[in-house]
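**Student:** upload_10.json is reproduced below (JSON, C-alpha atoms).
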```
[["chain", "number", "residue", "atom", "x", "y", "z"],
["A", 770, "MET", "CA", 23.29, 14.75, 70.08],
["A", 771, "ASP", "CA", 24.01, 12.47, 67.12],
["A", 772, "SER", "CA", 26.91, 13.93, 65.16],
["A", 773, "LYS", "CA", 25.97, 12.22, 61.90],
["A", 774, "ILE", "CA", 24.70, 14.27, 58.95],
["A", 775, "THR", "CA", 22.80, 12.67, 56.08],
["A", 776, "ILE", "CA", 23.54, 14.41, 52.79],
["A", 777, "THR", "CA", 21.06, 13.66, 50.00],
["A", 778, "TRP", "CA", 21.53, 14.80, 46.40],
["A", 779, "HIS", "CA", 18.24, 15.42, 44.61],
["A", 780, "GLY", "CA", 19.88, 16.20, 41.28],
["A", 781, "HIS", "CA", 21.40, 19.35, 39.75],
["A", 782, "SER", "CA", 22.42, 21.52, 42.73],
["A", 783, "CYS", "CA", 19.67, 20.49, 45.15],
["A", 784, "PHE", "CA", 20.62, 18.81, 48.42],
["A", 785, "SER", "CA", 19.02, 17.95, 51.73],
["A", 786, "LEU", "CA", 21.10, 18.04, 54.91],
["A", 787, "SER", "CA", 19.51, 16.15, 57.79],
["A", 788, "ALA", "CA", 20.66, 15.88, 61.40],
["A", 789, "ASP", "CA", 18.97, 15.60, 64.79],
["A", 790, "GLY", "CA", 15.55, 15.27, 63.16],
["A", 791, "TYR", "CA", 15.94, 18.55, 61.27],
["A", 792, "THR", "CA", 16.19, 18.88, 57.48],
["A", 793, "LEU", "CA", 17.61, 21.78, 55.47],
["A", 794, "VAL", "CA", 17.11, 21.93, 51.68],
["A", 795, "LEU", "CA", 19.48, 23.86, 49.42],
["A", 796, "ASP", "CA", 18.72, 25.16, 45.91],
["A", 797, "PRO", "CA", 15.51, 23.38, 44.84],
["A", 798, "TYR", "CA", 14.82, 23.47, 41.08],
["A", 799, "ASP", "CA", 11.58, 23.84, 39.14],
["A", 800, "ASP", "CA", 9.83, 21.39, 36.82],
["A", 801, "SER", "CA", 11.48, 22.65, 33.64],
["A", 802, "LEU", "CA", 14.96, 21.28, 34.32],
["A", 803, "GLU", "CA", 15.94, 18.81, 31.61],
["A", 804, "GLY", "CA", 15.35, 15.16, 32.49],
["A", 805, "TYR", "CA", 14.67, 15.55, 36.19],
["A", 806, "ALA", "CA", 11.39, 14.56, 37.79],
["A", 807, "PRO", "CA", 9.51, 17.31, 39.65],
["A", 808, "LEU", "CA", 10.76, 17.84, 43.17],
["A", 809, "CYS", "CA", 8.42, 17.31, 46.11],
["A", 810, "LEU", "CA", 10.43, 17.72, 49.30],
["A", 811, "PHE", "CA", 9.63, 18.08, 52.98],
["A", 812, "ALA", "CA", 11.98, 20.09, 55.16],
["A", 813, "ASN", "CA", 12.21, 22.47, 58.08],
["A", 814, "GLU", "CA", 14.16, 25.16, 56.23],
["A", 815, "VAL", "CA", 15.20, 26.03, 52.69],
["A", 816, "LEU", "CA", 18.09, 28.15, 51.40],
["A", 817, "CYS", "CA", 18.71, 29.43, 47.86],
["A", 818, "SER", "CA", 21.98, 30.65, 46.44],
["A", 819, "HIS", "CA", 20.30, 33.00, 43.95],
["A", 820, "GLY", "CA", 16.94, 33.61, 42.32],
["A", 821, "HIS", "CA", 17.15, 31.56, 39.12],
["A", 822, "HIS", "CA", 14.47, 28.96, 38.41],
["A", 823, "ASP", "CA", 16.81, 25.99, 38.79],
["A", 824, "HIS", "CA", 18.00, 27.06, 42.25],
["A", 825, "ALA", "CA", 15.12, 28.84, 43.97],
["A", 826, "TRP", "CA", 11.86, 26.99, 43.29],
["A", 827, "LEU", "CA", 10.31, 27.27, 46.75],
["A", 828, "PRO", "CA", 7.01, 25.55, 45.80],
["A", 829, "ALA", "CA", 9.00, 22.31, 45.57],
["A", 830, "VAL", "CA", 9.55, 22.30, 49.35],
["A", 831, "SER", "CA", 6.83, 21.90, 51.97],
["A", 832, "LEU", "CA", 8.06, 23.41, 55.21],
["A", 833, "GLU", "CA", 7.27, 21.79, 58.53],
["A", 834, "LYS", "CA", 7.65, 23.43, 61.93],
["A", 835, "ALA", "CA", 10.46, 22.19, 64.14],
["A", 836, "ASP", "CA", 12.43, 23.11, 67.20],
["A", 837, "ALA", "CA", 15.48, 25.30, 66.81],
["A", 838, "SER", "CA", 17.80, 24.32, 64.00],
["A", 839, "PRO", "CA", 20.92, 22.34, 64.94],
["A", 840, "PHE", "CA", 22.72, 24.02, 62.05],
["A", 841, "ALA", "CA", 24.66, 27.29, 62.33],
["A", 842, "LEU", "CA", 24.40, 29.11, 59.02],
["A", 843, "ARG", "CA", 26.40, 31.80, 57.24],
["A", 844, "ALA", "CA", 26.28, 33.15, 53.69],
["A", 845, "VAL", "CA", 29.26, 34.53, 51.79],
["A", 846, "LYS", "CA", 28.59, 36.83, 48.85],
["A", 847, "THR", "CA", 30.13, 35.79, 45.54],
["A", 848, "TRP", "CA", 29.24, 36.19, 41.87],
["A", 849, "HIS", "CA", 27.44, 34.04, 39.31],
["A", 850, "ASP", "CA", 30.06, 34.94, 36.70],
["A", 851, "ASP", "CA", 33.65, 36.07, 36.40],
["A", 852, "CYS", "CA", 32.86, 39.76, 35.90],
["A", 853, "GLN", "CA", 31.44, 40.70, 39.31],
["A", 854, "GLY", "CA", 27.84, 39.90, 38.46],
["A", 855, "LYS", "CA", 27.56, 41.92, 35.26],
["A", 856, "LYS", "CA", 26.30, 38.86, 33.34],
["A", 857, "ARG", "CA", 24.32, 36.84, 35.89],
["A", 858, "GLY", "CA", 24.28, 38.71, 39.20],
["A", 859, "GLU", "CA", 25.13, 37.65, 42.72],
["A", 860, "ASN", "CA", 25.52, 34.18, 44.19],
["A", 861, "LEU", "CA", 25.60, 33.13, 47.83],
["A", 862, "VAL", "CA", 27.89, 30.42, 49.11],
["A", 863, "HIS", "CA", 26.16, 28.86, 52.13],
["A", 864, "VAL", "CA", 28.30, 27.67, 55.03],
["A", 865, "VAL", "CA", 26.64, 25.13, 57.33],
["A", 866, "ASN", "CA", 28.20, 24.17, 60.66],
["A", 867, "PHE", "CA", 27.08, 21.22, 62.74],
["A", 868, "SER", "CA", 28.81, 19.39, 65.58],
["A", 869, "GLY", "CA", 32.28, 20.58, 64.58],
["A", 870, "LYS", "CA", 31.75, 19.86, 60.88],
["A", 871, "LYS", "CA", 31.61, 22.51, 58.16],
["A", 872, "LEU", "CA", 29.66, 21.93, 54.94],
["A", 873, "VAL", "CA", 29.82, 24.41, 52.06],
["A", 874, "HIS", "CA", 27.31, 24.70, 49.20],
["A", 875, "CYS", "CA", 28.67, 26.86, 46.38],
["A", 876, "GLY", "CA", 25.45, 27.48, 44.45],
["A", 877, "ASP", "CA", 26.25, 28.78, 40.97],
["A", 878, "LEU", "CA", 29.72, 30.05, 41.77],
["A", 879, "GLY", "CA", 31.16, 31.66, 38.66],
["A", 880, "HIS", "CA", 34.77, 32.42, 39.61],
["A", 881, "LEU", "CA", 37.70, 31.35, 41.73],
["A", 882, "LEU", "CA", 37.47, 32.58, 45.30],
["A", 883, "THR", "CA", 39.31, 35.70, 46.37],
["A", 884, "PRO", "CA", 41.60, 35.62, 49.41],
["A", 885, "GLU", "CA", 38.91, 37.47, 51.37],
["A", 886, "GLN", "CA", 36.25, 34.92, 50.43],
["A", 887, "ILE", "CA", 38.57, 32.03, 51.28],
["A", 888, "ALA", "CA", 39.12, 33.57, 54.72],
["A", 889, "GLN", "CA", 35.37, 34.07, 55.22],
["A", 890, "ILE", "CA", 34.51, 30.47, 54.27],
["A", 891, "GLY", "CA", 37.56, 28.70, 55.65],
["A", 892, "PRO", "CA", 38.62, 25.05, 55.26],
["A", 893, "CYS", "CA", 35.68, 22.68, 55.02],
["A", 894, "ASP", "CA", 34.78, 19.06, 55.63],
["A", 895, "VAL", "CA", 32.31, 18.86, 52.73],
["A", 896, "LEU", "CA", 32.23, 20.96, 49.57],
["A", 897, "MET", "CA", 29.26, 20.82, 47.19],
["A", 898, "VAL", "CA", 30.65, 22.45, 44.06],
["A", 899, "PRO", "CA", 29.43, 23.01, 40.47],
["A", 900, "VAL", "CA", 31.66, 21.38, 37.86],
["A", 901, "GLY", "CA", 29.79, 21.71, 34.55],
["A", 902, "GLY", "CA", 31.01, 25.09, 33.37],
["A", 903, "PHE", "CA", 29.25, 27.52, 31.00],
["A", 904, "TYR", "CA", 26.98, 29.04, 33.69],
["A", 905, "THR", "CA", 29.38, 28.28, 36.55],
["A", 906, "ILE", "CA", 33.00, 27.39, 37.18],
["A", 907, "ASP", "CA", 34.18, 24.44, 35.11],
["A", 908, "ALA", "CA", 35.94, 21.22, 36.12],
["A", 909, "VAL", "CA", 39.41, 22.77, 36.33],
["A", 910, "GLN", "CA", 38.21, 25.73, 38.39],
["A", 911, "ALA", "CA", 36.14, 23.47, 40.65],
["A", 912, "ARG", "CA", 39.24, 21.46, 41.47],
["A", 913, "GLN", "CA", 41.04, 24.72, 42.28],
["A", 914, "VAL", "CA", 38.20, 25.83, 44.58],
["A", 915, "ALA", "CA", 38.38, 22.47, 46.37],
["A", 916, "ASP", "CA", 42.08, 23.15, 46.93],
["A", 917, "GLN", "CA", 41.42, 26.74, 48.00],
["A", 918, "LEU", "CA", 39.09, 25.49, 50.75],
["A", 919, "ARG", "CA", 41.11, 22.38, 51.58],
["A", 920, "ALA", "CA", 37.96, 20.31, 51.25],
["A", 921, "SER", "CA", 38.06, 16.81, 52.67],
["A", 922, "VAL", "CA", 34.94, 15.48, 50.91],
["A", 923, "VAL", "CA", 33.99, 16.99, 47.54],
["A", 924, "ILE", "CA", 30.56, 16.36, 46.02],
["A", 925, "PRO", "CA", 30.28, 17.49, 42.39],
["A", 926, "MET", "CA", 26.98, 19.03, 41.24],
["A", 927, "HIS", "CA", 25.50, 21.06, 38.39],
["A", 928, "TYR", "CA", 26.61, 18.74, 35.57],
["A", 929, "ARG", "CA", 24.81, 16.75, 32.90],
["A", 930, "PHE", "CA", 24.61, 12.99, 32.54],
["A", 931, "GLY", "CA", 22.48, 10.98, 30.15],
["A", 932, "GLN", "CA", 19.14, 12.73, 29.74],
["A", 933, "TYR", "CA", 19.64, 14.77, 32.90],
["A", 934, "GLY", "CA", 20.92, 18.31, 33.13],
["A", 935, "ILE", "CA", 21.34, 21.41, 30.99],
["A", 936, "PRO", "CA", 22.71, 20.34, 27.58],
["A", 937, "VAL", "CA", 25.43, 23.00, 27.34],
["A", 938, "ILE", "CA", 27.17, 22.14, 30.61],
["A", 939, "GLY", "CA", 29.88, 19.51, 31.01],
["A", 940, "GLU", "CA", 29.83, 16.01, 32.46],
["A", 941, "VAL", "CA", 31.17, 14.92, 35.81],
["A", 942, "GLU", "CA", 33.91, 12.80, 34.23],
["A", 943, "ASP", "CA", 35.79, 15.98, 33.27],
["A", 944, "PHE", "CA", 36.06, 16.80, 36.97],
["A", 945, "LEU", "CA", 36.89, 13.27, 38.08],
["A", 946, "ALA", "CA", 39.83, 13.20, 35.68],
["A", 947, "LEU", "CA", 41.37, 15.92, 37.88],
["A", 948, "ALA", "CA", 40.91, 14.02, 41.15],
["A", 949, "GLY", "CA", 44.64, 13.91, 41.89],
["A", 950, "ASP", "CA", 45.21, 12.57, 45.40],
["A", 951, "LEU", "CA", 41.49, 12.52, 46.26],
["A", 952, "PRO", "CA", 40.04, 9.00, 45.86],
["A", 953, "VAL", "CA", 36.88, 8.84, 43.75],
["A", 954, "ARG", "CA", 33.99, 6.93, 45.31],
["A", 955, "ARG", "CA", 30.85, 6.29, 43.26],
["A", 956, "TYR", "CA", 27.88, 5.71, 45.54],
["A", 957, "PRO", "CA", 25.05, 3.34, 44.56],
["A", 958, "GLY", "CA", 22.47, 5.79, 45.89],
["A", 959, "SER", "CA", 21.85, 9.47, 46.45],
["A", 960, "GLN", "CA", 23.00, 9.67, 50.08],
["A", 961, "LEU", "CA", 26.25, 10.09, 51.96],
["A", 962, "ILE", "CA", 26.30, 9.87, 55.74],
["A", 963, "LEU", "CA", 28.98, 12.16, 57.11],
["A", 964, "GLU", "CA", 30.56, 10.75, 60.25],
["A", 965, "GLU", "CA", 33.65, 11.50, 62.31],
["A", 966, "ASP", "CA", 35.71, 8.98, 60.35],
["A", 967, "THR", "CA", 34.43, 9.66, 56.83],
["A", 968, "PRO", "CA", 37.57, 9.49, 54.65],
["A", 969, "ARG", "CA", 38.77, 12.10, 52.15],
["A", 970, "GLN", "CA", 37.15, 11.55, 48.78],
["A", 971, "ILE", "CA", 35.30, 12.85, 45.78],
["A", 972, "ALA", "CA", 31.81, 11.49, 46.37],
["A", 973, "VAL", "CA", 29.76, 10.92, 43.21],
["A", 974, "LEU", "CA", 26.17, 10.49, 44.36],
["A", 975, "ARG", "CA", 23.58, 8.85, 42.15],
["A", 976, "TYR", "CA", 20.41, 10.67, 41.21],
["A", 977, "GLN", "CA", 17.33, 8.69, 42.21],
["A", 978, "GLU", "CA", 13.66, 9.34, 41.63],
["A", 979, "ASP", "CA", 12.71, 6.86, 44.38],
["A", 980, "LYS", "CA", 11.15, 7.94, 47.65],
["A", 981, "ILE", "CA", 13.51, 8.88, 50.47],
["A", 982, "GLU", "CA", 11.66, 8.61, 53.75],
["A", 983, "GLY", "CA", 11.27, 11.94, 55.49],
["A", 984, "THR", "CA", 12.54, 14.13, 52.68],
["A", 985, "VAL", "CA", 10.86, 13.16, 49.42],
["A", 986, "LYS", "CA", 7.34, 12.34, 48.45],
["A", 987, "LYS", "CA", 6.12, 11.62, 44.92]]
```
Can you turn what I pasted into structure tokens?

**Tutor:**
Amino acid sequence: MDSKITITWHGHSCFSLSADGYTLVLDPYDDSLEGYAPLCLFANEVLCSHGHHDHAWLPAVSLEKADASPFALRAVKTWHDDCQGKKRGENLVHVVNFSGKKLVHCGDLGHLLTPEQIAQIGPCDVLMVPVGGFYTIDAVQARQVADQLRASVVIPMHYRFGQYGIPVIGEVEDFLALAGDLPVRRYPGSQLILEEDTPRQIAVLRYQEDKIEGTVKK
């Protein structure tokens, strides 16, 4: 079994995780999201953190049959706000385990994690975390969540840049200014290949509308 995982950022909070010929999509968005091209993804499985249009647009993903998933999955219940869901409801943090690696997708997390939630999720190798604020945790809180989970690789998501993203949320630079001892690496493309020796970092992936063989078709 190949222990490599290809992580692809499709913009906003949407990612593909691919390993052993199997692809999992997280939080696909609909066609109304500012700036982004319509998604057209192929995968074997799709997970959504909550039911909002920019995180649960299932028509964007064509599902293909495959053998058993190589990923072990868990979901930890959290909230989309800081008042136990009274404003925006529930949010699921998805925990993906593969070949000794743990990847965590926070969805639209709206608060710092409680001790119980930290224990349920545990330290992680990769953390995909919202940083834009307003609808989610902001840059300062995202950095705290990364510390809470002792994340080795942090991938910021749910922020605006240029013409892309919800106008009221913040930019990624606010989060990068808080990098501390985590080196910032800006990737030329939308993919990061997680390997045994991938170093600690904040990984800023680049949104691309180009085709990505096996996951995207336009």

**Student:** Report, in Å to a single decimal, how far apart atom CA of Ser831 of chain A and atom CA of Phe784 of chain A are.

**Tutor:** 14.6 Å

**Student:** Mind checking which residues fall within 8 Å of Val973 of chain A, counting only C-alpha atoms, ignoring those fewer than 4 positions away in the same chain, and posting them as number ranges by chain?

**Tutor:** A: 924-925, 953-956

**Student:** Please compute the atom CA of Glu965 of chain A-atom CA of Phe944 of chain A distance, one decimal, in Å.

**Tutor:**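 Computed distance, atom CA of Glu965 of chain A to atom CA of Phe944 of chain A, equals 26.0 Å.
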
**Student:** Give me the residues near Leu951 of chain A as a short mmCIF file (atom, residue, chain, number, x, y, z; two decimals) with C-alpha atoms, in the coordinates of the input, where near means some atom within 9 Å (using only C-alpha atoms) and where sequence neighbours in that chain fewer than 6 positions away do not count.

**Tutor:**
```cif
data_model
loop_
_atom_site.label_atom_id
_atom_site.label_comp_id
_atom_site.auth_asym_id
_atom_site.auth_seq_id
_atom_site.Cartn_x
_atom_site.Cartn_y
_atom_site.Cartn_z
CA SER A 921 38.06 16.81 52.67
CA VAL A 922 34.94 15.48 50.91
CA VAL A 923 33.99 16.99 47.54
CA ARG A 969 38.77 12.10 52.15
CA GLN A 970 37.15 11.55 48.78
CA ILE A 971 35.30 12.85 45.78
#
```

**Student:** Using only C-alpha atoms, which residues of segment 915-974 of chain A come within 8 Å of segment 802-806 of chain A, and what is the closest atom pair for each, with the distance in Å to one decimal? Give it as a Markdown table, sorted by chain and residue number.

**Tutor:**
```
| residue | atom | partner | partner_atom | distance |
| --- | --- | --- | --- | --- |
| A:Gln932 | CA | A:Gly804 | CA | 5.3 |
| A:Tyr933 | CA | A:Gly804 | CA | 4.3 |
| A:Gly934 | CA | A:Glu803 | CA | 5.2 |
| A:Ile935 | CA | A:Glu803 | CA | 6.0 |
```

**Student:** Would you output that residue set with C-alpha atoms, as a CSV table (one decimal), in the coordinates of the input?

**Tutor:**
```csv
chain,number,residue,atom,x,y,z
A,932,GLN,CA,19.1,12.7,29.7
A,933,TYR,CA,19.6,14.8,32.9
A,934,GLY,CA,20.9,18.3,33.1
A,935,ILE,CA,21.3,21.4,31.0
```

**Student:** Go ahead and compute the interatomic distance for atom CA of Asp823 of chain A and atom CA of Ile776 of chain A, in Å to one decimal.

**Tutor:**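 Result for atom CA of Asp823 of chain A versus atom CA of Ile776 of chain A: 19.4 Å, one decimal.
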
**Student:** Point out the residue among A:Leu832, A:Leu827, A:Ile890, A:Ala915 with the least atom-to-atom distance to Tyr791 of chain A, counting all atoms listed in the file.

**Tutor:**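 Comparing A:Leu832, A:Leu827, A:Ile890, A:Ala915 against Tyr791 of chain A, the winner is A:Leu832.
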
**Student:** When distances are computed from only C-alpha atoms, which of A:Leu963, A:Ala812, A:Ala841, A:Cys783 shows the smallest separation from Val898 of chain A?

**Tutor:** A:Cys783

**Student:** Taking all atoms listed in the file into account, produce a table as a tab-separated table in which each residue of segment 877-912 of chain A with an atom at most 12 Å from an atom of segment 866-873 of chain A appears once, together with its shortest atom pair and the distance in Å to one decimal, ordered by chain and rising number.

**Tutor:**
```
residue	atom	partner	partner_atom	distance
A:Leu878	CA	A:Val873	CA	11.7
A:Ile887	CA	A:Val873	CA	11.6
A:Gln889	CA	A:Val873	CA	11.6
A:Ile890	CA	A:Val873	CA	8.0
A:Gly891	CA	A:Lys871	CA	8.9
A:Pro892	CA	A:Lys871	CA	8.0
A:Cys893	CA	A:Lys871	CA	5.1
A:Asp894	CA	A:Lys871	CA	5.3
A:Val895	CA	A:Leu872	CA	4.6
A:Leu896	CA	A:Val873	CA	4.9
A:Met897	CA	A:Val873	CA	6.1
A:Val898	CA	A:Val873	CA	8.3
A:Pro899	CA	A:Val873	CA	11.7
```

**Student:** A:Phe903, A:Leu918, A:Pro968, A:Leu786: which is nearest Arg857 of chain A, counting all atoms listed in the file?

**Tutor:** A:Phe903

**Student:** Between A:Leu947, A:Val815, A:Val845, A:Ile906, single out the one closest to His863 of chain A, counting all atoms listed in the file.

**Tutor:**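 Of all the options, A:Val845 lies closest to His863 of chain A.
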
**Student:** Taking into account only C-alpha atoms, which residue in the set A:Gly902, A:Trp848, A:His880, A:Val909 is nearest to Arg929 of chain A?

**Tutor:**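 Closest candidate: A:Gly902.
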
**Student:** Which one is closest to Gly820 of chain A: A:Leu945, A:Leu861, A:Val900, A:Ala888? Count only C-alpha atoms.

**Tutor:**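 Nearest to Gly820 of chain A: A:Leu861.
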
**Student:** For Leu816 of chain A, find every residue with an atom within 8 Å (counting only C-alpha atoms), except residues of its own chain fewer than 6 positions away, and show them as a VMD selection string.

**Tutor:** chain A and resid 793 to 796

**Student:** Would you mind listing what lies within 7 Å of Thr792 of chain A as a ChimeraX atom specification, with all atoms listed in the file counted and same-chain residues fewer than 4 positions away left out?

**Tutor:** /A:785-788,812-814

**Student:** Any chance you could build segment 866-876 of chain A out to all heavy atoms and write it as a short mmCIF file (atom, residue, chain, number, x, y, z; two decimals), in the coordinates of the input?

**Tutor:**
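Done, and the output landed in out-v2.cif:
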```cif
data_model
loop_
_atom_site.label_atom_id
_atom_site.label_comp_id
_atom_site.auth_asym_id
_atom_site.auth_seq_id
_atom_site.Cartn_x
_atom_site.Cartn_y
_atom_site.Cartn_z
N ASN A 866 27.40 24.80 59.60
CA ASN A 866 28.20 24.17 60.66
C ASN A 866 27.31 23.32 61.55
O ASN A 866 26.20 23.73 61.92
CB ASN A 866 28.89 25.24 61.51
CG ASN A 866 30.06 25.88 60.81
OD1 ASN A 866 31.17 25.35 60.83
ND2 ASN A 866 29.81 27.02 60.17
N PHE A 867 27.81 22.12 61.86
CA PHE A 867 27.08 21.22 62.74
C PHE A 867 28.06 20.30 63.46
O PHE A 867 28.86 19.61 62.81
CB PHE A 867 26.08 20.38 61.95
CG PHE A 867 25.42 19.29 62.77
CD1 PHE A 867 24.35 19.60 63.60
CD2 PHE A 867 25.87 17.99 62.71
CE1 PHE A 867 23.75 18.61 64.38
CE2 PHE A 867 25.27 16.98 63.48
CZ PHE A 867 24.21 17.30 64.31
N SER A 868 28.03 20.31 64.77
CA SER A 868 28.81 19.39 65.58
C SER A 868 30.28 19.33 65.16
O SER A 868 30.87 18.26 65.02
CB SER A 868 28.19 17.99 65.50
OG SER A 868 28.78 17.11 66.44
N GLY A 869 30.86 20.51 64.93
CA GLY A 869 32.28 20.58 64.58
C GLY A 869 32.59 20.33 63.12
O GLY A 869 33.76 20.36 62.72
N LYS A 870 31.57 20.08 62.31
CA LYS A 870 31.75 19.86 60.88
C LYS A 870 31.27 21.08 60.09
O LYS A 870 30.28 21.72 60.45
CB LYS A 870 30.97 18.63 60.41
CG LYS A 870 31.45 17.32 61.00
CD LYS A 870 32.82 16.92 60.47
CE LYS A 870 33.23 15.55 60.95
NZ LYS A 870 34.57 15.15 60.45
N LYS A 871 31.99 21.39 59.02
CA LYS A 871 31.61 22.51 58.16
C LYS A 871 31.31 21.99 56.76
O LYS A 871 32.13 21.34 56.13
CB LYS A 871 32.73 23.55 58.08
CG LYS A 871 32.36 24.79 57.26
CD LYS A 871 33.56 25.68 57.04
CE LYS A 871 34.05 26.28 58.35
NZ LYS A 871 35.21 27.19 58.11
N LEU A 872 30.09 22.31 56.28
CA LEU A 872 29.66 21.93 54.94
C LEU A 872 29.43 23.21 54.14
O LEU A 872 28.82 24.17 54.64
CB LEU A 872 28.39 21.09 54.97
CG LEU A 872 28.46 19.75 55.70
CD1 LEU A 872 28.21 19.92 57.21
CD2 LEU A 872 27.45 18.77 55.13
N VAL A 873 29.89 23.22 52.91
CA VAL A 873 29.82 24.41 52.06
C VAL A 873 29.10 24.08 50.76
O VAL A 873 29.50 23.14 50.06
CB VAL A 873 31.23 24.97 51.77
CG1 VAL A 873 31.16 26.13 50.79
CG2 VAL A 873 31.91 25.39 53.07
N HIS A 874 28.05 24.84 50.45
CA HIS A 874 27.31 24.70 49.20
C HIS A 874 27.59 25.94 48.36
O HIS A 874 27.27 27.05 48.76
CB HIS A 874 25.82 24.55 49.47
CG HIS A 874 24.99 24.26 48.26
ND1 HIS A 874 24.65 25.26 47.36
CD2 HIS A 874 24.44 23.12 47.78
CE1 HIS A 874 23.91 24.72 46.39
NE2 HIS A 874 23.77 23.43 46.63
N CYS A 875 28.17 25.73 47.18
CA CYS A 875 28.67 26.86 46.38
C CYS A 875 27.62 27.51 45.50
O CYS A 875 27.91 28.55 44.89
CB CYS A 875 29.84 26.40 45.51
SG CYS A 875 31.35 26.05 46.43
N GLY A 876 26.42 26.91 45.38
CA GLY A 876 25.45 27.48 44.45
C GLY A 876 26.01 27.53 43.04
O GLY A 876 26.71 26.61 42.61
#
```
